[in-house]
Structure formats: structure tokens, C-alpha cells
$ cat work_7.csv   # CSV, C-alpha atoms
chain,number,residue,atom,x,y,z
A,1,MET,CA,-52.1,35.9,92.1
A,2,SER,CA,-50.8,33.0,94.1
A,3,LEU,CA,-47.2,33.1,95.2
A,4,TRP,CA,-47.1,29.3,95.5
A,5,ARG,CA,-44.6,27.8,93.2
A,6,ALA,CA,-44.3,24.1,92.4
A,7,PRO,CA,-41.0,22.6,93.5
A,8,GLU,CA,-38.6,21.8,90.8
A,9,ARG,CA,-38.8,18.2,89.8
A,10,PRO,CA,-35.6,16.1,90.3
A,11,VAL,CA,-34.3,15.6,86.8
A,12,ARG,CA,-32.6,12.4,87.7
A,13,TRP,CA,-35.9,10.7,88.0
A,14,PHE,CA,-36.2,10.9,84.3
A,15,MET,CA,-32.7,10.0,83.3
A,16,ARG,CA,-31.9,6.6,82.1
A,17,THR,CA,-28.6,4.9,82.8
A,18,SER,CA,-27.0,4.6,79.4
A,19,PRO,CA,-29.5,2.4,77.7
A,20,ALA,CA,-27.3,2.0,74.6
A,21,VAL,CA,-24.6,0.3,76.6
A,22,GLU,CA,-26.6,-1.8,78.9
A,23,PRO,CA,-27.7,-5.2,77.5
A,24,ALA,CA,-31.4,-5.7,77.3
A,25,ALA,CA,-32.4,-8.1,80.0
A,26,VAL,CA,-34.7,-10.9,78.7
A,27,GLY,CA,-35.6,-12.0,82.1
A,28,ALA,CA,-34.5,-13.9,85.1
A,29,HIS,CA,-35.7,-17.4,86.1
A,30,ARG,CA,-35.3,-19.5,89.1
A,31,SER,CA,-32.8,-22.2,88.4
A,32,LEU,CA,-33.2,-25.3,90.6
A,33,ALA,CA,-30.4,-26.9,88.7
A,34,LEU,CA,-28.0,-24.0,89.6
A,35,GLN,CA,-29.0,-24.3,93.2
A,36,ALA,CA,-28.2,-28.0,93.2
A,37,LEU,CA,-25.0,-27.5,91.4
A,38,LEU,CA,-23.8,-24.8,93.8
A,39,LYS,CA,-24.7,-27.0,96.8
A,40,GLY,CA,-22.4,-29.6,95.4
A,41,LEU,CA,-19.4,-27.3,95.6
A,42,HIS,CA,-17.3,-27.3,98.7
A,43,PRO,CA,-15.5,-23.9,99.1
A,44,GLU,CA,-12.9,-25.2,101.4
A,45,GLU,CA,-11.7,-27.6,98.7
A,46,ARG,CA,-11.2,-24.7,96.2
A,47,PRO,CA,-13.4,-26.2,93.5
A,48,ALA,CA,-12.6,-25.9,89.8
A,49,VAL,CA,-15.4,-24.6,87.6
A,50,LEU,CA,-15.3,-24.7,83.9
A,51,ASP,CA,-17.5,-22.3,82.1
A,52,LEU,CA,-18.0,-23.3,78.4
A,53,GLY,CA,-19.6,-20.0,77.6
A,54,PRO,CA,-18.3,-16.5,77.1
A,55,PRO,CA,-16.6,-14.6,79.9
A,56,LEU,CA,-18.9,-12.8,82.2
A,57,SER,CA,-17.4,-10.7,84.9
A,58,GLY,CA,-20.4,-11.1,87.3
A,59,ASN,CA,-20.3,-14.9,87.1
A,60,ILE,CA,-16.6,-15.0,87.7
A,61,LYS,CA,-16.9,-12.7,90.7
A,62,PHE,CA,-19.8,-14.8,92.1
A,63,LEU,CA,-18.0,-18.1,91.7
A,64,SER,CA,-14.7,-16.6,93.0
A,65,ALA,CA,-16.5,-15.4,96.1
A,66,LEU,CA,-17.3,-19.1,96.7
A,67,ASN,CA,-13.6,-19.8,96.5
A,68,CYS,CA,-13.9,-21.4,93.1
A,69,ARG,CA,-11.2,-21.4,90.5
A,70,VAL,CA,-13.0,-20.4,87.3
A,71,ARG,CA,-11.8,-21.4,83.9
A,72,VAL,CA,-13.5,-19.8,80.9
A,73,ALA,CA,-13.5,-21.7,77.6
A,74,ASP,CA,-15.8,-19.7,75.4
A,75,ILE,CA,-16.2,-22.7,73.1
A,76,HIS,CA,-18.7,-21.3,70.7
A,77,GLY,CA,-16.9,-18.0,70.2
A,78,SER,CA,-13.6,-19.8,69.8
A,79,LEU,CA,-15.0,-22.3,67.2
A,80,VAL,CA,-16.6,-19.6,65.2
A,81,ALA,CA,-13.3,-17.8,65.0
A,82,GLU,CA,-11.7,-20.8,63.4
A,83,PRO,CA,-11.7,-21.5,59.7
A,84,VAL,CA,-14.3,-23.9,58.4
A,85,GLU,CA,-11.8,-26.7,57.4
A,86,LYS,CA,-10.6,-26.8,61.0
A,87,ARG,CA,-14.2,-27.4,62.2
A,88,ARG,CA,-14.7,-30.5,60.2
A,89,PRO,CA,-15.8,-33.5,62.3
A,90,ASP,CA,-12.5,-35.4,61.8
A,91,ALA,CA,-10.5,-32.3,62.8
A,92,MET,CA,-12.5,-31.5,65.9
A,93,PRO,CA,-10.3,-33.4,68.4
A,94,ALA,CA,-7.2,-31.7,67.2
A,95,LEU,CA,-8.9,-28.3,67.2
A,96,LEU,CA,-10.2,-28.8,70.8
A,97,GLU,CA,-6.7,-29.6,72.0
A,98,THR,CA,-5.7,-26.1,70.8
A,99,LEU,CA,-8.8,-24.3,72.0
A,100,LEU,CA,-9.1,-26.1,75.3
A,101,PRO,CA,-5.7,-27.2,76.5
A,102,LEU,CA,-5.8,-29.3,79.7
A,103,ALA,CA,-3.0,-29.7,82.2
A,104,PRO,CA,-2.3,-33.4,83.0
A,105,ASP,CA,-3.8,-33.1,86.5
A,106,GLU,CA,-6.6,-30.7,85.7
A,107,ARG,CA,-9.9,-31.8,87.1
A,108,PHE,CA,-13.3,-30.1,87.2
A,109,ASP,CA,-15.9,-30.0,90.0
A,110,ALA,CA,-18.5,-28.3,88.0
A,111,VAL,CA,-19.1,-27.4,84.3
A,112,LEU,CA,-21.4,-24.7,83.1
A,113,ALA,CA,-22.9,-25.3,79.6
A,114,TRP,CA,-25.4,-22.5,79.3
A,115,ASP,CA,-26.7,-21.9,75.8
A,116,VAL,CA,-23.7,-23.6,74.3
A,117,PHE,CA,-24.8,-27.0,73.0
A,118,ASP,CA,-27.6,-25.5,71.0
A,119,TYR,CA,-25.0,-23.8,68.9
A,120,LEU,CA,-22.8,-26.8,68.3
A,121,ARG,CA,-23.2,-29.8,66.0
A,122,LYS,CA,-23.7,-33.2,67.5
A,123,ASP,CA,-20.3,-34.3,66.5
A,124,GLN,CA,-18.8,-31.2,68.1
A,125,VAL,CA,-20.6,-31.8,71.4
A,126,THR,CA,-19.5,-35.4,71.4
A,127,ALA,CA,-15.8,-34.5,70.7
A,128,LEU,CA,-15.9,-31.9,73.4
A,129,MET,CA,-17.4,-34.2,76.0
A,130,MET,CA,-15.1,-37.0,75.1
A,131,ARG,CA,-12.3,-34.6,76.0
A,132,LEU,CA,-13.9,-33.3,79.1
A,133,VAL,CA,-15.6,-36.2,80.8
A,134,PRO,CA,-12.4,-38.0,81.8
A,135,ARG,CA,-11.5,-34.7,83.6
A,136,PHE,CA,-14.7,-34.7,85.7
A,137,ARG,CA,-14.2,-35.5,89.4
A,138,ARG,CA,-16.4,-38.2,90.7
A,139,SER,CA,-18.8,-35.7,92.4
A,140,ALA,CA,-18.7,-33.3,89.5
A,141,GLN,CA,-21.9,-32.0,87.9
A,142,MET,CA,-22.6,-30.2,84.7
A,143,LEU,CA,-25.5,-27.8,84.2
A,144,VAL,CA,-26.8,-27.8,80.7
A,145,LEU,CA,-29.4,-25.4,79.2
A,146,VAL,CA,-31.1,-26.3,75.9
A,147,SER,CA,-33.9,-24.6,74.2
A,148,MET,CA,-37.2,-26.2,73.3
A,149,ARG,CA,-38.3,-23.3,71.2
A,150,ARG,CA,-38.7,-23.4,67.4
A,151,GLN,CA,-36.0,-20.8,66.9
A,152,LEU,CA,-32.9,-19.4,68.6
A,153,PRO,CA,-31.2,-16.1,68.4
A,154,ALA,CA,-28.3,-16.4,66.0
A,155,VAL,CA,-25.9,-15.3,68.7
A,156,PRO,CA,-26.1,-17.1,72.0
A,157,VAL,CA,-27.7,-15.2,74.9
A,158,ARG,CA,-25.8,-14.9,78.1
A,159,TYR,CA,-26.8,-16.2,81.5
A,160,ARG,CA,-25.8,-14.2,84.5
A,161,ILE,CA,-25.9,-15.5,88.0
A,162,VAL,CA,-28.2,-13.3,90.0
A,163,ASP,CA,-27.9,-15.2,93.3
A,164,GLY,CA,-27.6,-18.8,94.4
A,165,GLU,CA,-30.9,-19.8,92.7
A,166,ASN,CA,-31.6,-17.3,90.0
A,167,LEU,CA,-30.2,-16.8,86.5
A,168,ASP,CA,-30.7,-13.7,84.4
A,169,CYS,CA,-30.9,-14.2,80.7
A,170,GLU,CA,-29.4,-11.3,78.7
A,171,LYS,CA,-29.0,-10.7,75.0
A,172,PRO,CA,-25.8,-9.0,73.8
A,173,PRO,CA,-26.1,-5.3,73.3
A,174,ALA,CA,-25.9,-5.7,69.5
A,175,HIS,CA,-29.2,-7.4,69.3
A,176,GLY,CA,-32.1,-5.3,68.1
A,177,ALA,CA,-35.7,-5.8,67.4
A,178,SER,CA,-35.1,-7.6,64.1
A,179,GLU,CA,-32.4,-9.9,65.4
A,180,PRO,CA,-31.5,-12.8,63.1
A,181,MET,CA,-32.7,-16.2,64.2
A,182,ARG,CA,-31.7,-19.8,63.6
A,183,PRO,CA,-33.5,-23.1,63.9
A,184,CYS,CA,-33.3,-24.8,67.2
A,185,PRO,CA,-31.7,-28.3,67.2
A,186,HIS,CA,-34.2,-29.5,69.9
A,187,TYR,CA,-31.8,-31.7,71.8
A,188,LYS,CA,-33.8,-34.2,73.9
A,189,GLN,CA,-32.6,-36.1,76.9
A,190,SER,CA,-31.9,-39.1,74.8
A,191,ASP,CA,-29.8,-37.0,72.4
A,192,LEU,CA,-27.7,-35.7,75.3
A,193,GLY,CA,-27.2,-39.3,76.5
A,194,HIS,CA,-25.9,-40.3,73.0
A,195,MET,CA,-23.7,-37.2,72.6
A,196,MET,CA,-22.2,-37.4,76.1
A,197,PRO,CA,-21.1,-41.0,76.8
A,198,GLY,CA,-20.1,-41.3,80.5
A,199,LEU,CA,-22.6,-38.8,81.7
A,200,SER,CA,-26.2,-39.2,82.7
A,201,VAL,CA,-29.0,-36.9,83.6
A,202,ARG,CA,-29.6,-36.6,87.3
A,203,ARG,CA,-32.2,-33.8,87.3
A,204,CYS,CA,-34.3,-32.2,84.6
A,205,TYR,CA,-36.4,-29.1,84.8
A,206,LEU,CA,-38.6,-27.6,82.1
A,207,LEU,CA,-39.0,-23.8,82.4
A,208,ARG,CA,-42.0,-21.8,81.2
A,209,SER,CA,-39.7,-19.9,78.9
A,210,GLY,CA,-39.1,-23.1,76.9
A,211,ILE,CA,-35.7,-23.7,78.3
A,212,GLN,CA,-34.9,-27.1,79.6
A,213,GLU,CA,-32.3,-27.4,82.4
A,214,TYR,CA,-30.4,-30.6,82.8
A,215,LEU,CA,-28.1,-31.5,85.7
A,216,MET,CA,-25.7,-34.2,84.5
A,217,ALA,CA,-23.1,-36.2,86.4
A,218,PRO,CA,-20.7,-39.0,85.7
A,219,ASP,CA,-22.2,-42.5,85.6
B,1,MET,CA,1.4,44.9,79.5
B,2,TRP,CA,0.9,43.3,76.1
B,3,ASN,CA,3.6,40.8,77.0
B,4,LYS,CA,1.3,39.3,79.6
B,5,ARG,CA,-1.3,38.5,77.0
B,6,ASP,CA,1.3,37.0,74.7
B,7,GLU,CA,2.6,34.9,77.5
B,8,GLU,CA,-0.8,33.5,78.2
B,9,LEU,CA,-1.2,32.5,74.6
B,10,GLY,CA,2.1,30.9,74.5
B,11,ARG,CA,3.5,33.2,71.8
B,12,PRO,CA,7.3,34.0,71.8
B,13,MET,CA,8.1,37.1,73.8
B,14,PRO,CA,10.3,40.0,72.5
B,15,PRO,CA,13.9,40.1,73.9
B,16,GLN,CA,14.3,41.6,77.3
B,17,GLN,CA,15.8,45.0,77.7
B,18,PRO,CA,18.9,45.3,79.8
B,19,GLY,CA,18.0,45.9,83.5
B,20,ALA,CA,14.6,44.4,83.2
B,21,ALA,CA,13.4,41.7,85.6
B,22,PRO,CA,14.9,38.3,84.7
B,23,LEU,CA,12.6,35.7,83.1
B,24,PRO,CA,11.8,32.7,85.1
B,25,PRO,CA,13.9,29.7,84.3
B,26,VAL,CA,12.8,27.9,81.2
B,27,GLN,CA,11.4,24.4,82.0
B,28,PRO,CA,13.1,21.8,79.8
B,29,PRO,CA,10.9,19.8,77.5
B,30,PRO,CA,9.7,16.5,78.7
B,31,VAL,CA,11.9,14.6,76.4
B,32,ALA,CA,15.0,16.1,77.9
B,33,SER,CA,14.1,14.9,81.4
B,34,ASP,CA,15.7,11.9,82.9
B,35,ARG,CA,12.5,10.9,84.8
B,36,TYR,CA,9.2,9.8,83.4
B,37,ASP,CA,5.9,8.9,85.0
B,38,ALA,CA,5.4,6.1,82.4
B,39,ALA,CA,7.4,4.5,79.7
B,40,ALA,CA,5.8,3.7,76.4
B,41,ILE,CA,6.7,1.1,73.7
B,42,GLY,CA,5.5,2.5,70.4
B,43,SER,CA,3.4,0.7,67.9
B,44,SER,CA,6.3,0.1,65.6
B,45,ILE,CA,8.6,-1.3,68.3
B,46,LYS,CA,9.1,-5.0,68.8
B,47,ILE,CA,11.0,-6.4,71.8
B,48,VAL,CA,12.1,-10.0,72.2
B,49,GLY,CA,13.3,-10.7,75.7
B,50,ASP,CA,12.5,-9.8,79.3
B,51,VAL,CA,11.3,-6.3,80.3
B,52,THR,CA,11.9,-5.2,83.9
B,53,GLY,CA,11.9,-1.7,85.4
B,54,ASP,CA,10.7,0.7,88.1
B,55,GLU,CA,8.1,2.7,86.4
B,56,ASP,CA,4.7,2.3,84.7
B,57,LEU,CA,4.7,0.9,81.2
B,58,THR,CA,2.4,1.4,78.3
B,59,ILE,CA,2.7,-1.1,75.4
B,60,LEU,CA,1.5,-0.2,71.9
B,61,GLY,CA,4.0,-2.4,70.1
B,62,LYS,CA,5.0,-6.1,70.3
B,63,ILE,CA,6.7,-7.9,73.1
B,64,GLU,CA,7.7,-11.5,73.3
B,65,GLY,CA,9.3,-12.7,76.5
B,66,LYS,CA,8.5,-11.7,80.1
B,67,ILE,CA,7.4,-8.5,81.7
B,68,VAL,CA,8.1,-8.0,85.4
B,69,LEU,CA,7.1,-4.6,87.0
B,70,PRO,CA,5.9,-5.7,90.4
B,71,LYS,CA,5.4,-2.2,91.8
B,72,HIS,CA,4.0,-0.6,88.7
B,73,SER,CA,1.2,-0.8,86.2
B,74,VAL,CA,1.3,-2.3,82.8
B,75,THR,CA,-1.1,-1.1,80.1
B,76,ILE,CA,-1.5,-2.9,76.8
B,77,GLY,CA,-3.1,-0.6,74.3
B,78,GLN,CA,-5.4,-1.7,71.5
B,79,SER,CA,-2.4,-2.0,69.1
B,80,GLY,CA,-0.3,-3.9,71.6
B,81,ARG,CA,0.6,-7.5,71.0
B,82,VAL,CA,2.2,-9.4,73.8
B,83,LYS,CA,3.3,-13.0,74.1
B,84,ALA,CA,4.6,-12.9,77.6
B,85,ASP,CA,3.8,-13.6,81.2
B,86,ILE,CA,3.2,-10.3,83.0
B,87,GLN,CA,3.8,-9.6,86.6
B,88,ALA,CA,2.8,-6.2,87.8
B,89,LYS,CA,0.8,-4.3,90.3
B,90,PHE,CA,-2.0,-3.4,87.9
B,91,VAL,CA,-2.5,-4.7,84.4
B,92,SER,CA,-5.0,-3.4,81.8
B,93,VAL,CA,-5.4,-5.1,78.5
B,94,ALA,CA,-7.0,-3.6,75.5
B,95,GLY,CA,-4.9,-5.4,72.9
B,96,GLU,CA,-3.9,-9.0,72.4
B,97,VAL,CA,-2.1,-11.0,75.1
B,98,HIS,CA,-1.0,-14.6,75.1
B,99,GLY,CA,0.4,-15.3,78.5
B,100,ASN,CA,-0.4,-15.5,82.2
B,101,LEU,CA,-1.0,-12.3,84.1
B,102,VAL,CA,-0.3,-11.9,87.8
B,103,ALA,CA,-1.2,-8.6,89.5
B,104,ALA,CA,-0.9,-7.6,93.1
B,105,GLU,CA,-3.9,-5.4,92.9
B,106,GLN,CA,-6.1,-5.6,89.8
B,107,ILE,CA,-6.4,-6.9,86.3
B,108,VAL,CA,-8.8,-5.3,83.8
B,109,ILE,CA,-9.6,-6.9,80.4
B,110,ARG,CA,-11.2,-4.3,78.1
B,111,LYS,CA,-13.8,-5.1,75.6
B,112,THR,CA,-11.4,-4.8,72.7
B,113,ALA,CA,-9.0,-7.2,74.2
B,114,THR,CA,-8.1,-10.8,73.2
B,115,MET,CA,-6.7,-12.5,76.2
B,116,LEU,CA,-5.5,-16.1,76.2
B,117,GLY,CA,-4.0,-17.1,79.5
B,118,ASN,CA,-4.6,-17.3,83.2
B,119,LEU,CA,-5.4,-14.3,85.4
B,120,THR,CA,-4.4,-14.1,89.1
B,121,ALA,CA,-5.2,-11.0,91.1
B,122,PRO,CA,-7.4,-9.9,94.0
B,123,ARG,CA,-9.6,-8.1,91.6
B,124,VAL,CA,-10.3,-9.1,88.0
B,125,GLY,CA,-12.6,-7.1,85.7
B,126,LEU,CA,-13.8,-8.4,82.3
B,127,GLU,CA,-15.7,-6.0,80.1
B,128,ASP,CA,-18.5,-7.5,78.1
B,129,GLY,CA,-17.4,-8.2,74.6
B,130,CYS,CA,-13.8,-9.1,75.4
B,131,ARG,CA,-12.4,-12.4,74.1
B,132,PHE,CA,-11.0,-14.4,76.9
B,133,ARG,CA,-9.9,-18.0,77.4
B,134,GLY,CA,-8.2,-19.1,80.5
B,135,SER,CA,-8.7,-19.4,84.2
B,136,VAL,CA,-9.3,-16.7,86.8
B,137,GLU,CA,-8.1,-16.8,90.3
B,138,MET,CA,-9.2,-13.9,92.5
B,139,GLU,CA,-6.6,-14.1,95.2
B,140,ALA,CA,-3.5,-12.2,96.1
B,141,PRO,CA,-0.5,-13.8,94.4
B,142,ALA,CA,1.3,-14.2,97.7
B,143,GLU,CA,-1.5,-16.3,99.1
B,144,LYS,CA,-0.5,-19.2,97.0
B,145,GLY,CA,2.7,-20.0,98.7
B,146,ARG,CA,2.3,-18.7,102.2
B,147,PRO,CA,-0.4,-17.1,104.2
B,148,ALA,CA,-0.2,-13.3,103.9
B,149,PRO,CA,-3.0,-11.6,105.8
B,150,ALA,CA,-1.4,-8.1,105.2
B,151,GLN,CA,-1.6,-8.6,101.4
B,152,SER,CA,-5.3,-8.1,101.2
B,153,ALA,CA,-5.0,-4.9,103.2
B,154,SER,CA,-2.5,-3.5,100.8
B,155,ALA,CA,-4.6,-4.6,97.9
B,156,SER,CA,-7.4,-2.5,99.1
B,157,SER,CA,-5.5,0.7,98.5
B,158,GLY,CA,-6.1,2.6,95.3
B,159,VAL,CA,-4.7,1.6,91.9
B,160,SER,CA,-1.5,3.3,90.8
B,161,GLY,CA,-1.5,6.5,88.9
B,162,SER,CA,-1.0,6.8,85.3
B,163,SER,CA,-3.2,4.0,84.0
B,164,GLY,CA,-6.1,5.3,85.9
B,165,GLY,CA,-9.0,3.5,87.5
B,166,THR,CA,-11.7,1.6,85.9
B,167,SER,CA,-15.4,1.1,86.2
B,168,VAL,CA,-15.3,-2.5,85.2
B,169,ALA,CA,-14.2,-4.2,88.4
B,170,SER,CA,-15.7,-3.1,91.6
B,171,SER,CA,-13.6,-0.5,93.3
B,172,SER,CA,-14.5,-2.0,96.6
B,173,PRO,CA,-12.7,-5.2,97.4
B,174,ALA,CA,-15.5,-6.2,99.7
B,175,ALA,CA,-17.9,-6.3,96.7
B,176,VAL,CA,-15.6,-8.9,95.1
B,177,SER,CA,-14.7,-11.0,98.0
B,178,ALA,CA,-18.2,-11.3,99.5
B,179,PRO,CA,-21.3,-12.1,97.5
B,180,LYS,CA,-24.5,-10.3,98.3
B,181,HIS,CA,-26.2,-13.5,99.3
B,182,GLU,CA,-25.3,-15.7,102.2
B,183,PRO,CA,-22.8,-18.4,101.5
B,184,LEU,CA,-24.4,-21.7,100.6
B,185,ALA,CA,-24.7,-24.2,103.3
B,186,ARG,CA,-22.8,-27.4,103.0
B,187,PRO,CA,-25.1,-30.3,102.1
$ encode --input "work_7.csv" --output "C-alpha cells"
Amino acid sequence: MSLWRAPERPVRWFMRTSPAVEPAAVGAHRSLALQALLKGLHPEERPAVLDLGPPLSGNIKFLSALNCRVRVADIHGSLVAEPVEKRRPDAMPALLETLLPLAPDERFDAVLAWDVFDYLRKDQVTALMMRLVPRFRRSAQMLVLVSMRRQLPAVPVRYRIVDGENLDCEKPPAHGASEPMRPCPHYKQSDLGHMMPGLSVRRCYLLRSGIQEYLMAPD
Amino acid sequence: MWNKRDEELGRPMPPQQPGAAPLPPVQPPPVASDRYDAAAIGSSIKIVGDVTGDEDLTILGKIEGKIVLPKHSVTIGQSGRVKADIQAKFVSVAGEVHGNLVAAEQIVIRKTATMLGNLTAPRVGLEDGCRFRGSVEMEAPAEKGRPAPAQSASASSGVSGSSGGTSVASSSPAAVSAPKHEPLARP
């Protein structure tokens, strides 16, 4: 009889780190538009960044480390929380004044519009940009992600900055295998031009995942 | 000998016989004390006005006005509703706040929170799922007006007691102040 005994396996090798809490990562992609946008920020000038999406702690920390002042607007989440009558096209300017109050001297050096415009109507995008474009600095840039797929998740996915040139796409934890979907508006470059007077597309990248990245800047 | 067992279980003990060893002095109940580790505003309480003090504060009710506890922590529970600017050492929000928060050390916005206002602190943590609209400035409040190099050193010390720490924001200030990648080169 052999006295040799197999060493105990380290249990931690087989333990997962709270899978129910961690959001399911959809995947990271290299974002040349993000790289270009970050290069345009000058940390010594304490740039102001407006994130139109939901608050993400990692993104705020990343941008704060670049000496940015980050403002979070959570436009889609805020609009959905409002009653339908307030979201009518004629009521949008008044509603945006409430949801996105701007100080008289407030200006932005960069605007992040990740997975936001696909979830807004054209008139909502136009009303939003008419409010924002006058607040863009001359050198400001806006990063827009729109989907070219047939359908979208009913709830926007979240984009997390991995590093200076990579974005990680995450679904919220509530999403499951049978997540509800909605049709994609398929905004093209010409649509963006019509919806956002005063801005023009400077760079455009189509990713293999069916996401189109636009880097826009004032005319 | 049976008294020892009763004492452990917290049962009342029989009266002492004359000549027996005296009982240790009875500790007064917490409500009778004149010092507390933290004050609490209950869920049925509403305060309109300024709140100042020299102890930690937990808010479960409603406050409208201004809260200034620069050396202590302010915790807003899930039932807390605050319409006020808050200045404290550490602020944790799980309820609803309309106002600007300034913390000397850390601000944490829990996933149940609705926060409308600006956050200024060396460390800011936002749990996924929270509702937040406003701006974030991760800097020591004193840095705005004058250079205060000692401020960051004091901010690196631990958070104050009763509200406890959090896993949301990084406990290491270096993780917040310095990204893992190299800073981008100027064009």
C-alpha cells in the first residue's frame, strides 16, 4: 500500500467571485475615437467632461485621474423616469432645462454619448444638442456610439473605460439570456448631421461588433 | 453557583444576602448617557433648518436646510430624504439627496440612492445602479481656494468610525489618483 497522498487542491481555484453581482461582460473593443478624444484633453486646464450616460464609478475615477471635472447627466435614465406628457416634442426644451441645468459660464471640453442616442427619438436628440452645442468649447469633441445591428437591448448597455484606448461593454446585472430587445433606429452619419446642427463628424470607425464610433466637433 | 449561570443568561438575580460581596455597579442604559457615538434622526422626524454638531449623524428622516459636520460622518439611510448641502468628513448616501456634498475624505453613493447635486471629495464611490445627476470633483475641498499639500496626507487616513468602510471606492487613494496606464501625452 502506498503511503503517497495527493496534496489537497486549493479550493479557491474553483471559487467564482460573486457571479450574481458582477455584470456580464459583453466584450472590450479598441476605441480609436476614445484615444483621439482623450488626446484632445489638456489635464493642466482641468477639462470639463459631460457624460450623457449613467454614472459609472470606474469612468469617473479614470477621468478624474486625468484631472477632469466630470458631470454625469444620465439622460436616458432621467427621461424614462419622467411622465409621458413631459416627454412630448414640444415639451422637451423645458424638460431638459430641468434635467440638465447649466450654469451661465459652464462649458465642456468633451462629451461622452455612449449608447445614448440609440435610445432617444430624433427630436429628443435635436433638443438635447441644441441645448449643449453652444456650451462646447471650440476644441471640444463628442464621442458618439450608435449601433448598426438590427436590434438593441431594451436597456442601454454600459461602456467602461479600460484604459486610454479600450472600452469594455457591459450589460447591467439584471439582463438574462432572454433579455428584451427593441428595434435599432440605425442612425447614419447624415442623420447625425441633421439632428445635431453645429456639429460635424471628424472621424468615423465601424467596429466588427456592429457599433459605429463617431468623433464629432463644432463646425 | 447557579447565580453565575443566570448572570450569563441575563436573568435577574435574587437579592443579595447581607454581608455578601457587593455587586458591580450597574451600567446605565445607553439612553441615559449624555454622550453618543452617533446621533440619529428617525424616519418620522422632519427638520427644517441648519444642522451642525460634533458627532456622527445618521439620517433616516427628512432634512431641509444645511448640514455641517466637518469632522464627522453623515450617513443617509434608505428612508432618508435630504434637501440640503452637506459638508462632512465622510458622507454615505443610500436614500435621496438634493444638494451638493463636500467631504474631506470620502463620498459613497449606494445603489439604492438618488443623488442630484455635485460631489467634491478626494475619493468618490458610485455603486452600479445608483441614480446620480451632477458633477464629480475628486479633489480635497481645501485645494480649491489655496494649495494644501497636507490635505491629501490627512485624507489617506482611515474613514471615521461608525459609518464603516466601503468596498465601493478604492481604499487606496493612490488607486484613485493615479490610473494604471501612463498619462496621455500632450498632442
$ residues_around --input "work_7.csv" --residues "range 61-76 of chain B" --least-positions-apart "4" --cutoff "6 Å" --atoms "all atoms listed in the file" --output "PyMOL selection string"
chain B and resi 41-53+55-57+80-95
$ interface_residues --input "work_7.csv" --of "chain A" --to "chain B" --cutoff "8 Å" --atoms "all atoms listed in the file" --output "JSON, numbers by chain"
{"A": [38, 39, 40, 42, 54, 55, 56, 57, 60, 61, 62, 64, 65, 66, 68, 69, 70, 71, 72, 73, 74, 163, 164]}
$ write_last_selection --input "work_7.csv" --atoms "C-alpha atoms" --output "short mmCIF file (atom, residue, chain, number, x, y, z; two decimals), keeping the file's coordinate frame"
data_model
loop_
_atom_site.label_atom_id
_atom_site.label_comp_id
_atom_site.auth_asym_id
_atom_site.auth_seq_id
_atom_site.Cartn_x
_atom_site.Cartn_y
_atom_site.Cartn_z
CA LEU A 38 -23.80 -24.80 93.80
CA LYS A 39 -24.70 -27.00 96.80
CA GLY A 40 -22.40 -29.60 95.40
CA HIS A 42 -17.30 -27.30 98.70
CA PRO A 54 -18.30 -16.50 77.10
CA PRO A 55 -16.60 -14.60 79.90
CA LEU A 56 -18.90 -12.80 82.20
CA SER A 57 -17.40 -10.70 84.90
CA ILE A 60 -16.60 -15.00 87.70
CA LYS A 61 -16.90 -12.70 90.70
CA PHE A 62 -19.80 -14.80 92.10
CA SER A 64 -14.70 -16.60 93.00
CA ALA A 65 -16.50 -15.40 96.10
CA LEU A 66 -17.30 -19.10 96.70
CA CYS A 68 -13.90 -21.40 93.10
CA ARG A 69 -11.20 -21.40 90.50
CA VAL A 70 -13.00 -20.40 87.30
CA ARG A 71 -11.80 -21.40 83.90
CA VAL A 72 -13.50 -19.80 80.90
CA ALA A 73 -13.50 -21.70 77.60
CA ASP A 74 -15.80 -19.70 75.40
CA ASP A 163 -27.90 -15.20 93.30
CA GLY A 164 -27.60 -18.80 94.40
#
$ atom_distance --input "work_7.csv" --atom1 "CA of Leu99 in chain A" --atom2 "CA of Phe117 in chain A"
16.3 Å
$ residues_near_point --input "work_7.csv" --point "(-22.6, -37.2, 70.6)" --cutoff "7 Å" --atoms "only C-alpha atoms" --output "list in words"
Lys122, Asp123, Val125, Thr126, His194, Met195 and Met196 of chain A
$ atom_distance --input "work_7.csv" --atom1 "CA of Ile75 in chain A" --atom2 "CA of Leu128 in chain A"
9.2 Å
$ atom_distance --input "work_7.csv" --atom1 "CA of Ser209 in chain A" --atom2 "CA of Val49 in chain A"
26.2 Å
$ closest_residue --input "work_7.csv" --among "A:His29, A:Arg88, A:Arg158, A:Arg202" --to "Ala140 in chain A" --atoms "only C-alpha atoms"
A:Arg202
$ residues_around --input "work_7.csv" --residues "Pro218 in chain A" --least-positions-apart "6" --cutoff "7 Å" --atoms "only C-alpha atoms" --output "PDB file with C-alpha atoms, in the frame of the given file"
ATOM      1  CA  ARG A 138     -16.400 -38.200  90.700  1.00  0.00           C
ATOM      2  CA  GLY A 198     -20.100 -41.300  80.500  1.00  0.00           C
ATOM      3  CA  LEU A 199     -22.600 -38.800  81.700  1.00  0.00           C
ATOM      4  CA  SER A 200     -26.200 -39.200  82.700  1.00  0.00           C
TER       5      SER A 200
END
$ closest_residue --input "work_7.csv" --among "A:Ser147, A:Asn59, A:Gln124, A:Gln35" --to "Pro183 in chain A" --atoms "only C-alpha atoms"
A:Ser147
